[in-house]
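Shown next: structure09.tsv, given as TSV, C-alpha atoms and all ligand atoms.
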chain	number	residue	atom	x	y	z
I	1	MET	CA	-9.86	25.61	-7.26
I	2	SER	CA	-7.86	25.13	-4.09
I	3	LEU	CA	-6.04	21.90	-3.44
I	4	ARG	CA	-5.08	21.22	0.12
I	5	LEU	CA	-3.01	18.50	1.64
I	6	SER	CA	-3.42	16.87	4.96
I	7	ASN	CA	-2.15	18.07	8.27
I	8	ASN	CA	-2.16	14.93	10.34
I	9	LYS	CA	-1.69	15.51	14.02
I	10	GLN	CA	-0.69	11.91	14.77
I	11	THR	CA	2.09	11.69	12.19
I	12	PRO	CA	3.80	15.07	12.25
I	13	ASP	CA	6.61	14.19	9.85
I	14	ILE	CA	4.10	13.50	7.15
I	15	ILE	CA	2.97	17.11	7.38
I	16	ASN	CA	6.43	18.39	6.63
I	17	GLY	CA	6.48	16.41	3.43
I	18	SER	CA	3.16	17.78	2.35
I	19	GLU	CA	3.95	21.50	2.23
I	20	SER	CA	6.12	21.34	-0.88
I	21	ASN	CA	3.51	19.08	-2.43
I	22	LYS	CA	0.89	21.75	-1.90
I	23	CYS	CA	2.60	24.18	-4.28
I	24	ILE	CA	3.39	21.45	-6.76
I	25	ILE	CA	-0.19	20.28	-7.02
I	26	MET	CA	-1.60	23.80	-7.11
I	27	SER	CA	0.62	24.54	-10.10
I	28	GLU	CA	-0.50	21.15	-11.48
I	29	THR	CA	3.03	19.88	-12.14
I	30	ILE	CA	1.89	16.30	-12.31
I	31	THR	CA	5.20	14.53	-12.89
I	32	THR	CA	6.76	16.24	-9.92
I	33	ASP	CA	3.88	14.99	-7.84
I	34	LYS	CA	5.08	11.42	-8.39
I	35	ASP	CA	8.52	12.47	-7.22
I	36	SER	CA	7.20	14.23	-4.17
I	37	PHE	CA	5.12	11.17	-3.34
I	38	LEU	CA	8.33	9.11	-3.36
I	39	ALA	CA	9.98	11.74	-1.15
I	40	HIS	CA	7.05	11.47	1.23
I	41	ARG	CA	7.41	7.68	1.41
I	42	ARG	CA	11.15	8.10	2.06
I	43	LYS	CA	10.40	10.44	4.93
I	44	GLN	CA	8.01	7.90	6.39
I	45	GLU	CA	10.72	5.25	6.24
I	46	GLU	CA	13.24	7.57	7.95
I	47	LEU	CA	10.69	8.36	10.63
I	48	HIS	CA	10.08	4.66	11.20
I	49	TRP	CA	13.75	4.05	12.01
I	50	ARG	CA	14.07	7.25	14.04
I	51	ARG	CA	11.20	6.09	16.20
I	52	LYS	CA	12.92	2.72	16.74
I	53	GLY	CA	16.23	4.30	17.80
I	54	ASN	CA	19.25	2.03	17.97
I	55	VAL	CA	17.42	-0.90	19.47
I	56	SER	CA	15.64	-2.80	16.73
I	57	GLY	CA	13.79	-6.06	16.99
I	58	ILE	CA	13.65	-8.21	13.89
I	59	LEU	CA	9.94	-7.45	13.39
I	60	ASP	CA	10.81	-3.77	13.07
I	61	SER	CA	11.82	-4.75	9.54
I	62	ILE	CA	8.12	-4.44	8.65
I	63	LEU	CA	7.53	-0.84	7.57
I	64	THR	CA	4.07	-1.39	6.15
I	65	VAL	CA	1.34	-3.96	6.42
I	66	GLU	CA	-0.80	-3.62	3.30
I	67	VAL	CA	-4.31	-4.94	3.79
I	68	ASN	CA	-6.74	-5.94	1.07
I	69	THR	CA	-10.24	-6.03	2.55
I	70	THR	CA	-12.26	-6.67	-0.60
I	71	GLU	CA	-12.24	-8.42	-3.95
I	72	LEU	CA	-14.46	-5.74	-5.50
I	73	CYS	CA	-13.63	-2.60	-7.39
I	74	ASN	CA	-16.03	-0.20	-9.11
I	75	ARG	CA	-13.42	0.99	-11.64
I	76	SER	CA	-11.26	-0.72	-14.24
I	77	CYS	CA	-8.25	1.57	-14.71
I	78	VAL	CA	-6.26	0.77	-17.83
I	79	PHE	CA	-2.98	0.37	-15.91
I	80	CYS	CA	-4.46	-2.04	-13.34
I	81	PRO	CA	-4.96	-5.85	-13.63
I	82	ARG	CA	-8.66	-5.13	-13.08
I	83	HIS	CA	-8.82	-3.60	-16.51
I	84	ASN	CA	-9.18	-7.14	-17.83
I	85	PRO	CA	-11.84	-9.06	-15.86
I	86	GLU	CA	-10.46	-12.33	-17.19
I	87	VAL	CA	-7.17	-11.52	-15.51
I	88	PHE	CA	-8.65	-10.13	-12.29
I	89	PRO	CA	-12.42	-10.58	-11.94
I	90	ASN	CA	-14.66	-8.78	-9.47
I	91	ARG	CA	-15.69	-11.17	-6.72
I	92	ASN	CA	-18.09	-10.41	-3.90
I	93	LEU	CA	-15.65	-11.48	-1.20
I	94	HIS	CA	-14.66	-9.40	1.80
I	95	MET	CA	-12.62	-9.41	4.97
I	96	THR	CA	-15.01	-9.87	7.90
I	97	VAL	CA	-14.97	-7.87	11.12
I	98	LYS	CA	-14.15	-11.07	13.00
I	99	GLY	CA	-11.26	-11.72	10.61
I	100	ALA	CA	-10.00	-8.16	11.04
I	101	ASN	CA	-10.24	-8.60	14.80
I	102	THR	CA	-7.95	-11.66	14.75
I	103	ILE	CA	-5.48	-10.16	12.28
I	104	ALA	CA	-5.26	-6.90	14.23
I	105	GLU	CA	-4.92	-8.80	17.51
I	106	HIS	CA	-1.96	-10.75	16.10
I	107	LEU	CA	-0.33	-7.52	14.95
I	108	GLY	CA	-0.98	-6.00	18.37
I	109	GLU	CA	0.64	-9.00	20.09
I	110	ALA	CA	3.70	-8.36	17.92
I	111	GLN	CA	3.60	-4.73	19.15
I	112	TYR	CA	3.38	-3.54	15.59
I	113	ASN	CA	3.32	0.25	15.39
I	114	GLY	CA	4.30	0.92	11.77
I	115	LYS	CA	1.90	1.71	8.96
I	116	ILE	CA	-1.28	-0.12	8.02
I	117	SER	CA	-2.14	0.66	4.43
I	118	PHE	CA	-5.67	-0.33	3.41
I	119	SER	CA	-5.06	-0.64	-0.30
I	120	GLY	CA	-4.44	-3.95	-2.07
I	121	PHE	CA	-6.34	-5.37	-5.02
I	122	GLY	CA	-9.70	-3.60	-4.76
I	123	GLU	CA	-11.58	-0.58	-3.48
I	124	ASN	CA	-11.76	-0.88	0.29
I	125	LEU	CA	-14.68	1.50	0.65
I	126	LEU	CA	-16.80	-1.20	-1.04
I	127	ASN	CA	-16.32	-3.55	1.90
I	128	PRO	CA	-19.69	-3.19	3.69
I	129	ASN	CA	-17.92	-3.40	7.06
I	130	PHE	CA	-14.93	-1.22	6.32
I	131	VAL	CA	-15.58	1.26	9.16
I	132	GLU	CA	-15.79	-1.60	11.66
I	133	ILE	CA	-12.59	-3.10	10.26
I	134	VAL	CA	-10.74	0.20	10.73
I	135	ARG	CA	-12.07	0.29	14.31
I	136	GLU	CA	-10.64	-3.19	15.01
I	137	PHE	CA	-7.21	-2.21	13.72
I	138	ARG	CA	-7.23	1.01	15.76
I	139	PHE	CA	-8.28	-0.87	18.92
I	140	TYR	CA	-5.35	-3.28	18.79
I	141	LEU	CA	-2.84	-0.88	17.24
I	142	PRO	CA	-3.29	2.42	19.06
I	143	THR	CA	0.01	3.92	17.86
I	144	ALA	CA	0.12	2.57	14.31
I	145	THR	CA	-0.55	4.88	11.37
I	146	LEU	CA	-3.73	3.83	9.56
I	147	GLU	CA	-3.99	4.96	5.93
I	148	CYS	CA	-6.44	4.15	3.17
I	149	ASN	CA	-5.85	4.39	-0.57
I	150	THR	CA	-9.10	5.07	-2.38
I	151	ASN	CA	-10.51	6.17	-5.69
I	152	GLY	CA	-12.90	8.28	-3.58
I	153	ASP	CA	-16.04	7.38	-5.52
I	154	ARG	CA	-17.92	6.16	-2.45
I	155	LEU	CA	-16.89	8.98	-0.13
I	156	THR	CA	-19.69	10.95	1.45
I	157	LYS	CA	-19.69	13.33	4.38
I	158	ASP	CA	-21.10	10.60	6.59
I	159	TYR	CA	-18.60	7.95	5.44
I	160	ILE	CA	-15.62	10.28	5.98
I	161	THR	CA	-16.81	11.20	9.46
I	162	LYS	CA	-17.28	7.57	10.43
I	163	LEU	CA	-13.86	6.53	9.10
I	164	PHE	CA	-12.00	9.13	11.12
I	165	LYS	CA	-14.10	8.43	14.21
I	166	ALA	CA	-13.14	4.77	13.87
I	167	GLY	CA	-9.48	5.76	13.99
I	168	LEU	CA	-8.26	6.24	10.44
I	169	ASP	CA	-5.35	8.69	10.19
I	170	LEU	CA	-5.20	9.52	6.52
I	171	LEU	CA	-7.17	9.14	3.28
I	172	TYR	CA	-5.16	9.05	0.06
I	173	VAL	CA	-7.60	10.01	-2.63
I	174	ASN	CA	-6.40	8.98	-6.08
I	175	LEU	CA	-7.73	11.37	-8.69
I	176	TYR	CA	-8.01	9.47	-11.97
I	177	ASP	CA	-10.42	11.64	-13.94
I	178	GLY	CA	-9.56	15.33	-13.78
I	179	ALA	CA	-9.20	18.55	-11.82
I	180	GLU	CA	-12.96	18.79	-11.22
I	181	GLN	CA	-12.64	15.84	-8.84
I	182	ALA	CA	-10.40	17.87	-6.56
I	183	GLU	CA	-13.02	20.61	-6.36
I	184	HIS	CA	-15.62	18.03	-5.41
I	185	PHE	CA	-13.43	16.50	-2.70
I	186	ASP	CA	-12.34	19.92	-1.43
I	187	LYS	CA	-15.98	20.68	-0.67
I	188	LEU	CA	-16.59	17.30	0.91
I	189	PHE	CA	-13.58	17.51	3.21
I	190	ALA	CA	-14.41	21.11	4.14
I	191	GLU	CA	-17.90	19.98	5.17
I	192	THR	CA	-16.43	17.28	7.38
I	193	ARG	CA	-13.91	19.73	8.82
I	194	THR	CA	-11.02	17.34	8.37
I	195	ASN	CA	-7.58	17.90	6.96
I	196	GLN	CA	-6.52	14.26	7.17
I	197	TYR	CA	-6.35	13.67	3.44
I	198	ARG	CA	-4.03	13.88	0.45
I	199	TYR	CA	-4.65	13.81	-3.25
I	200	ARG	CA	-2.62	11.93	-5.80
I	201	VAL	CA	-3.05	13.19	-9.33
I	202	HIS	CA	-3.18	10.50	-12.02
I	203	TRP	CA	-5.14	12.01	-14.87
I	204	ALA	CA	-2.69	13.93	-17.00
I	205	THR	CA	0.45	12.01	-17.92
I	206	ALA	CA	1.16	8.89	-19.93
I	207	ASP	CA	2.52	7.12	-16.84
I	208	HIS	CA	-0.62	8.14	-14.86
I	209	GLY	CA	1.59	9.76	-12.23
I	210	LEU	CA	2.72	6.30	-11.09
I	211	ILE	CA	5.85	4.26	-11.19
I	212	LEU	CA	3.92	1.80	-13.29
I	213	ASN	CA	4.69	-1.86	-12.83
I	214	ASN	CA	3.30	-4.98	-14.42
I	215	ARG	CA	2.13	-6.47	-11.10
I	216	SER	CA	4.55	-9.39	-11.31
I	217	GLY	CA	3.69	-10.12	-14.92
I	218	VAL	CA	-0.10	-10.14	-14.54
I	219	ILE	CA	-0.48	-7.10	-16.84
I	220	ASP	CA	0.92	-7.52	-20.33
I	221	TRP	CA	-0.70	-4.47	-21.93
I	222	ILE	CA	1.13	-1.51	-20.39
I	223	GLY	CA	4.22	-1.69	-22.55
I	224	VAL	CA	6.73	-3.30	-20.23
I	225	GLU	CA	9.37	-4.88	-22.46
I	226	GLU	CA	10.81	-8.33	-21.81
I	227	GLY	CA	14.24	-6.71	-21.85
I	228	ASP	CA	13.25	-4.39	-18.96
I	229	VAL	CA	12.39	-7.42	-16.84
I	230	LYS	CA	15.50	-9.36	-17.86
I	231	ALA	CA	17.69	-6.38	-16.95
I	232	LEU	CA	16.56	-6.74	-13.32
I	233	GLN	CA	17.95	-10.28	-13.05
I	234	GLY	CA	20.80	-10.28	-10.53
I	235	LYS	CA	19.35	-7.35	-8.62
I	236	PRO	CA	18.13	-7.96	-5.05
I	237	CYS	CA	14.53	-6.95	-4.31
I	238	HIS	CA	13.60	-5.50	-0.91
I	239	TYR	CA	9.82	-5.91	-0.99
I	240	PRO	CA	9.53	-9.19	0.99
I	241	PHE	CA	11.82	-7.69	3.62
I	242	TYR	CA	9.87	-4.54	4.48
I	243	LYS	CA	6.27	-5.00	3.40
I	244	MET	CA	3.75	-7.59	4.57
I	245	PHE	CA	0.66	-8.13	2.43
I	246	VAL	CA	-2.51	-9.47	4.07
I	247	ASP	CA	-5.33	-10.60	1.84
I	248	TRP	CA	-9.09	-10.42	2.60
I	249	ASN	CA	-9.06	-14.00	4.03
I	250	GLY	CA	-5.98	-13.53	6.21
I	251	ASP	CA	-3.59	-15.10	3.70
I	252	VAL	CA	-0.20	-13.45	3.63
I	253	LEU	CA	1.38	-13.17	0.19
I	254	PHE	CA	5.15	-13.09	-0.12
I	255	CYS	CA	4.96	-9.79	-1.99
I	256	SER	CA	2.37	-7.04	-2.46
I	257	ASN	CA	3.07	-7.19	-6.20
I	258	ASP	CA	2.07	-10.86	-6.40
I	259	TRP	CA	-1.33	-10.16	-7.99
I	260	GLY	CA	-1.42	-13.74	-9.28
I	261	ARG	CA	-1.30	-14.94	-5.64
I	262	GLU	CA	1.43	-17.44	-6.50
I	263	HIS	CA	2.98	-17.65	-3.03
I	264	VAL	CA	0.87	-17.67	0.11
I	265	VAL	CA	3.44	-17.87	2.91
I	266	GLY	CA	1.06	-18.07	5.87
I	267	ASN	CA	-2.24	-16.88	7.29
I	268	LEU	CA	-2.70	-14.29	10.00
I	269	LEU	CA	-6.01	-15.79	11.15
I	270	GLN	CA	-4.12	-18.89	12.21
I	271	SER	CA	-0.55	-17.85	12.95
I	272	SER	CA	1.43	-15.16	14.69
I	273	VAL	CA	3.13	-12.33	12.82
I	274	MET	CA	6.53	-13.76	13.70
I	275	ASP	CA	5.66	-17.22	12.38
I	276	VAL	CA	4.33	-15.86	9.11
I	277	TRP	CA	7.00	-13.23	8.51
I	278	PHE	CA	9.72	-15.83	9.05
I	279	SER	CA	7.92	-18.84	7.62
I	280	LYS	CA	9.94	-21.37	5.65
I	281	PRO	CA	8.57	-20.36	2.23
I	282	MET	CA	9.15	-16.69	2.99
I	283	ASN	CA	12.75	-17.24	3.97
I	284	LYS	CA	13.38	-19.52	1.00
I	285	ILE	CA	12.33	-16.75	-1.38
I	286	ARG	CA	14.32	-14.16	0.58
I	287	ARG	CA	17.52	-16.23	0.33
I	288	LYS	CA	17.17	-16.16	-3.44
I	289	LEU	CA	16.40	-12.44	-3.58
I	290	ILE	CA	19.37	-11.61	-1.35
I	291	LYS	CA	21.55	-13.09	-4.09
I	292	GLY	CA	19.65	-11.21	-6.78
I	293	ASP	CA	18.20	-14.49	-8.01
I	294	ARG	CA	14.87	-13.60	-9.61
I	295	THR	CA	14.50	-16.81	-11.59
I	296	MET	CA	11.52	-18.13	-9.63
I	297	SER	CA	7.99	-17.18	-10.62
I	298	PRO	CA	6.59	-14.54	-10.37
I	299	CYS	CA	9.82	-12.56	-9.84
I	300	ASN	CA	11.02	-13.74	-13.26
I	301	LYS	CA	8.11	-11.80	-14.83
I	302	CYS	CA	8.15	-8.77	-12.55
I	303	SER	CA	9.15	-5.27	-13.67
I	304	VAL	CA	9.70	-3.84	-10.18
I	305	ASP	CA	13.19	-2.60	-9.36
I	306	GLY	CA	12.54	-3.31	-5.68
I	307	SER	CA	15.40	-1.28	-4.23
I	308	LEU	CA	13.78	2.16	-3.83
I	309	PHE	CA	12.84	1.50	-0.22
I	310	GLY	CA	13.54	-1.01	2.51
I	311	LYS	CA	17.35	-1.27	2.54
I	312	PRO	CA	17.64	-1.23	6.39
I	313	SER	CA	14.96	-3.95	6.61
I	314	PHE	CA	16.73	-5.97	3.93
I	315	ASP	CA	20.04	-5.70	5.80
I	316	LEU	CA	18.46	-6.59	9.15
I	317	ILE	CA	16.86	-9.78	7.83
I	318	LYS	CA	19.82	-10.71	5.66
I	319	GLU	CA	21.99	-10.73	8.75
I	320	ALA	CA	19.52	-12.93	10.64
I	321	LEU	CA	18.99	-15.54	7.92
U	401	LIG	C1	-4.71	-1.02	-6.85
U	401	LIG	S1	-5.15	0.51	-6.13
U	401	LIG	C2	-6.26	-0.03	-4.86
U	401	LIG	C3	-6.84	1.10	-4.03
U	401	LIG	C4	-7.94	1.95	-4.66
U	401	LIG	N1	-8.86	1.20	-5.41
U	401	LIG	C5	-7.36	3.09	-5.47
U	401	LIG	O1	-7.57	3.17	-6.68
U	401	LIG	O2	-6.71	3.94	-4.87
U	401	LIG	C6	-3.72	0.93	-5.16
U	401	LIG	C7	-2.76	1.88	-5.84
U	401	LIG	O3	-2.12	1.21	-6.91
U	401	LIG	C8	-1.97	2.11	-7.99
U	401	LIG	N2	-1.77	1.28	-9.20
U	401	LIG	C9	-2.70	0.65	-9.92
U	401	LIG	N3	-2.13	-0.04	-10.94
U	401	LIG	C10	-0.79	0.16	-10.85
U	401	LIG	C11	0.35	-0.28	-11.61
U	401	LIG	N4	0.21	-1.06	-12.66
U	401	LIG	N5	1.57	0.12	-11.22
U	401	LIG	C12	1.73	0.91	-10.13
U	401	LIG	N6	0.70	1.36	-9.37
U	401	LIG	C13	-0.55	1.00	-9.73
U	401	LIG	C14	-3.25	2.92	-7.92
U	401	LIG	O4	-3.17	4.13	-8.61
U	401	LIG	C15	-3.37	3.13	-6.42
U	401	LIG	O5	-2.60	4.25	-6.03
U	402	LIG	S1	10.81	-9.12	-7.91
U	402	LIG	FE1	8.65	-8.37	-7.98
U	402	LIG	S2	7.39	-10.11	-7.35
U	402	LIG	FE2	9.53	-10.56	-6.76
U	402	LIG	S3	9.69	-9.84	-4.68
U	402	LIG	FE3	10.36	-8.14	-5.96
U	402	LIG	S4	8.49	-6.89	-6.34
U	402	LIG	FE4	7.83	-8.88	-5.55

Kindly return the structure encoded in the file as structure tokens.
Amino acid sequence: MSLRLSNNKQTPDIINGSESNKCIIMSETITTDKDSFLAHRRKQEELHWRRKGNVSGILDSILTVEVNTTELCNRSCVFCPRHNPEVFPNRNLHMTVKGANTIAEHLGEAQYNGKISFSGFGENLLNPNFVEIVREFRFYLPTATLECNTNGDRLTKDYITKLFKAGLDLLYVNLYDGAEQAEHFDKLFAETRTNQYRYRVHWATADHGLILNNRSGVIDWIGVEEGDVKALQGKPCHYPFYKMFVDWNGDVLFCSNDWGREHVVGNLLQSSVMDVWFSKPMNKIRRKLIKGDRTMSPCNKCSVDGSLFGKPSFDLIKEAL
């Protein structure tokens, strides 16, 4: 079995992070893979600020726009809210191409050139128009990095080819079942002659190779203790300062961990990026989080530390508020 990692020509610093990963995955040191994934994310953040130089606009605070294009998933992983359909049911609802066009246009008007992460609450490859959606984002955001997190189940040679033709930069394939999946995907990617992919291994450790979190209290079955959540009280959280989350219908949630959709702070079908990112409800929550006040819901139920990334964005917005 050979496990390769991507060599993405449009985001050269990502490549550098992948070489060490290559050895780690080949020796199947799963825990280290989680660490190297964090290192990779750190590198991406450093690159973001290097690209901006000394002159930063306030919207440069956004490192990632996470996009959820579907309310469907074909799996029900035990560590995900989807494991319990009463908590997070499958719904046949999708972002439309027209919706993606407007959202991408608004991001383009804001000259956004950070990362678009197609991930969110479902399996994006199940959106029947996903290729077209990627094309819309690429059209309006020619220099942004477009990534997709997937369980890989729907990938075929044809689908992969179309996704990269539409402008996708990178596929993160999450391997949940076992090593045989990597062999399968190795063949598939070799056939499509692409190296724009990475694997994340989740099958072998109790923590599933993830920094598991309870998705702002939506999951109560993964062993997060009340004390762990309480211990975070008083600690600022950076998420709403560096990551924007756009739902399938254009709604922007205050935090990508808000799986209960408790705070919709705007909608990118109707408003500009600036208006949404600095909307009144968004800033109200930020003022609390700056002080480490996590008493409002859902932060009072959330197990996320929130300080691993995003400190420069946090500082930039804190100064402006
Ligand atoms: C929710 S999935 C959606 C994308 C796609 N369906 C997939 O599986 O890659 C996005 C990412 O969240 C991770 N994830 C799921 N539940 C999690 C949890 N409780 N804590 C941390 N990460 C989680 C998944 O492994 C995946 O990398
Ligand atoms: S505490 Fe949790 S829910 Fe609140 S902003 Fe941070 S990550 Fe999001």

- Message: At a cut-off of 10 Å around ligand LIG 402 (chain U), and using all atoms listed in the file, what residues come up? Please write them as a PyMOL selection string.
- Response: chain I and resi 213-217+229+232-233+235-241+243+253-260+262-263+285-286+288-289+292-307

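Going from CA of His94 in chain I over to CA of Phe79 in chain I, you cover 23.4 Å.
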
- Message: Using all atoms listed in the file for the distances, tell me which of I:Asn84, I:Asn101, I:Thr194, I:Thr70 is nearest to Arg135 in chain I.
- Response: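 Closest to Arg135 in chain I of all the choices is I:Asn101.
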
- Item | d(CA of Asn129 in chain I, CA of Thr69 in chain I) in Å |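 Going from CA of Asn129 in chain I over to CA of Thr69 in chain I, I get 9.3 Å.
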
- Message: Between I:Ile116, I:Val224, I:Ala320, I:Ala182, which residue has the minimum interatomic distance to ligand LIG 401 (chain U), considering only C-alpha atoms and all ligand atoms?
- Response: I:Val224

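Compared by their closest atoms to Leu268 in chain I, and using only C-alpha atoms, the residues I:Gly152, I:Gly99, I:Gly178, I:Gly57 rank with I:Gly99 nearest.
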
Under the rule of at most 10 Å, produce a per-residue listing of chain I near ligand LIG 401 (chain U): chain, number, name, the closest pair of atoms, and the distance in Å, as a Markdown table, using all atoms listed in the file.
| residue | atom | partner | partner_atom | distance |
| --- | --- | --- | --- | --- |
| I:Asn68 | CA | U:LIG401 | C2 | 8.4 |
| I:Thr70 | CA | U:LIG401 | N1 | 9.8 |
| I:Leu72 | CA | U:LIG401 | N1 | 8.9 |
| I:Cys73 | CA | U:LIG401 | N1 | 6.4 |
| I:Asn74 | CA | U:LIG401 | N1 | 8.2 |
| I:Arg75 | CA | U:LIG401 | N1 | 7.7 |
| I:Ser76 | CA | U:LIG401 | O1 | 9.3 |
| I:Cys77 | CA | U:LIG401 | N3 | 7.4 |
| I:Val78 | CA | U:LIG401 | N3 | 8.1 |
| I:Phe79 | CA | U:LIG401 | N4 | 4.8 |
| I:Cys80 | CA | U:LIG401 | N3 | 3.9 |
| I:Pro81 | CA | U:LIG401 | N3 | 7.0 |
| I:Arg82 | CA | U:LIG401 | C1 | 8.4 |
| I:His83 | CA | U:LIG401 | N3 | 9.4 |
| I:Ser117 | CA | U:LIG401 | C3 | 9.7 |
| I:Phe118 | CA | U:LIG401 | C3 | 7.7 |
| I:Ser119 | CA | U:LIG401 | C3 | 4.5 |
| I:Gly120 | CA | U:LIG401 | C2 | 5.1 |
| I:Phe121 | CA | U:LIG401 | C1 | 5.0 |
| I:Gly122 | CA | U:LIG401 | N1 | 4.9 |
| I:Glu123 | CA | U:LIG401 | N1 | 3.8 |
| I:Asn124 | CA | U:LIG401 | N1 | 6.7 |
| I:Leu125 | CA | U:LIG401 | N1 | 8.4 |
| I:Leu126 | CA | U:LIG401 | N1 | 9.4 |
| I:Cys148 | CA | U:LIG401 | C3 | 7.8 |
| I:Asn149 | CA | U:LIG401 | O2 | 4.4 |
| I:Thr150 | CA | U:LIG401 | O2 | 3.6 |
| I:Asn151 | CA | U:LIG401 | O1 | 4.3 |
| I:Gly152 | CA | U:LIG401 | O2 | 7.7 |
| I:Asp153 | CA | U:LIG401 | N1 | 9.5 |
| I:Leu171 | CA | U:LIG401 | O2 | 9.7 |
| I:Tyr172 | CA | U:LIG401 | O2 | 7.3 |
| I:Val173 | CA | U:LIG401 | O2 | 6.5 |
| I:Asn174 | CA | U:LIG401 | O2 | 5.2 |
| I:Leu175 | CA | U:LIG401 | O2 | 8.4 |
| I:Tyr176 | CA | U:LIG401 | O4 | 8.0 |
| I:Arg200 | CA | U:LIG401 | O5 | 7.7 |
| I:Val201 | CA | U:LIG401 | O4 | 9.1 |
| I:His202 | CA | U:LIG401 | O4 | 7.2 |
| I:Asp207 | CA | U:LIG401 | N5 | 9.0 |
| I:His208 | CA | U:LIG401 | O4 | 7.9 |
| I:Gly209 | CA | U:LIG401 | O4 | 8.2 |
| I:Leu210 | CA | U:LIG401 | C12 | 5.6 |
| I:Ile211 | CA | U:LIG401 | C12 | 5.4 |
| I:Leu212 | CA | U:LIG401 | N5 | 3.6 |
| I:Asn213 | CA | U:LIG401 | N5 | 4.0 |
| I:Asn214 | CA | U:LIG401 | N4 | 5.3 |
| I:Arg215 | CA | U:LIG401 | N4 | 5.9 |
| I:Ser216 | CA | U:LIG401 | N4 | 9.5 |
| I:Gly217 | CA | U:LIG401 | N4 | 10.0 |
| I:Val218 | CA | U:LIG401 | N4 | 9.3 |
| I:Ile219 | CA | U:LIG401 | N4 | 7.4 |
| I:Trp221 | CA | U:LIG401 | N4 | 9.9 |
| I:Ile222 | CA | U:LIG401 | N4 | 7.8 |
| I:Asn257 | CA | U:LIG401 | N5 | 9.0 |
| I:Trp259 | CA | U:LIG401 | C1 | 9.8 |
| I:Ser303 | CA | U:LIG401 | N5 | 9.6 |
| I:Val304 | CA | U:LIG401 | N5 | 9.1 |

- Could you jot down the CA of Thr156 in chain I to CA of Phe189 in chain I separation for me, Å, one decimal place? 9.1 Å

- Query: Closest to Met282 in chain I among I:Met244, I:Tyr197, I:Leu188, I:Leu316, using only C-alpha atoms?
  - Reply: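 Using only C-alpha atoms, the shortest distance to Met282 in chain I belongs to I:Met244.
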
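Nearest residue to Ile58 in chain I among I:Gly266, I:Pro85, I:Gly167, I:Pro312 is I:Pro312, counting only C-alpha atoms.
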
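Residues with any atom within 10 Å of Ile133 in chain I, counting all atoms listed in the file and excluding same-chain neighbours fewer than 6 positions away, are I:Thr69, I:Met95, I:Thr96, I:Val97, I:Lys98, I:Gly99, I:Ala100, I:Asn101, I:Ala104, I:Asn127, I:Phe139, I:Leu163, I:Ala166.
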
- Task: May I ask which of the residues I:Asp220, I:Asp60, I:Glu132, I:Glu105 is the closest one to Gln270 in chain I, counting all atoms listed in the file?
- Result: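 Comparing I:Asp220, I:Asp60, I:Glu132, I:Glu105 against Gln270 in chain I, the winner is I:Glu105.
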
- Item | Leu269 in chain I surroundings by all atoms listed in the file, 7 Å radius, close-in-sequence under 4 positions cut, as a count of residues only | 4
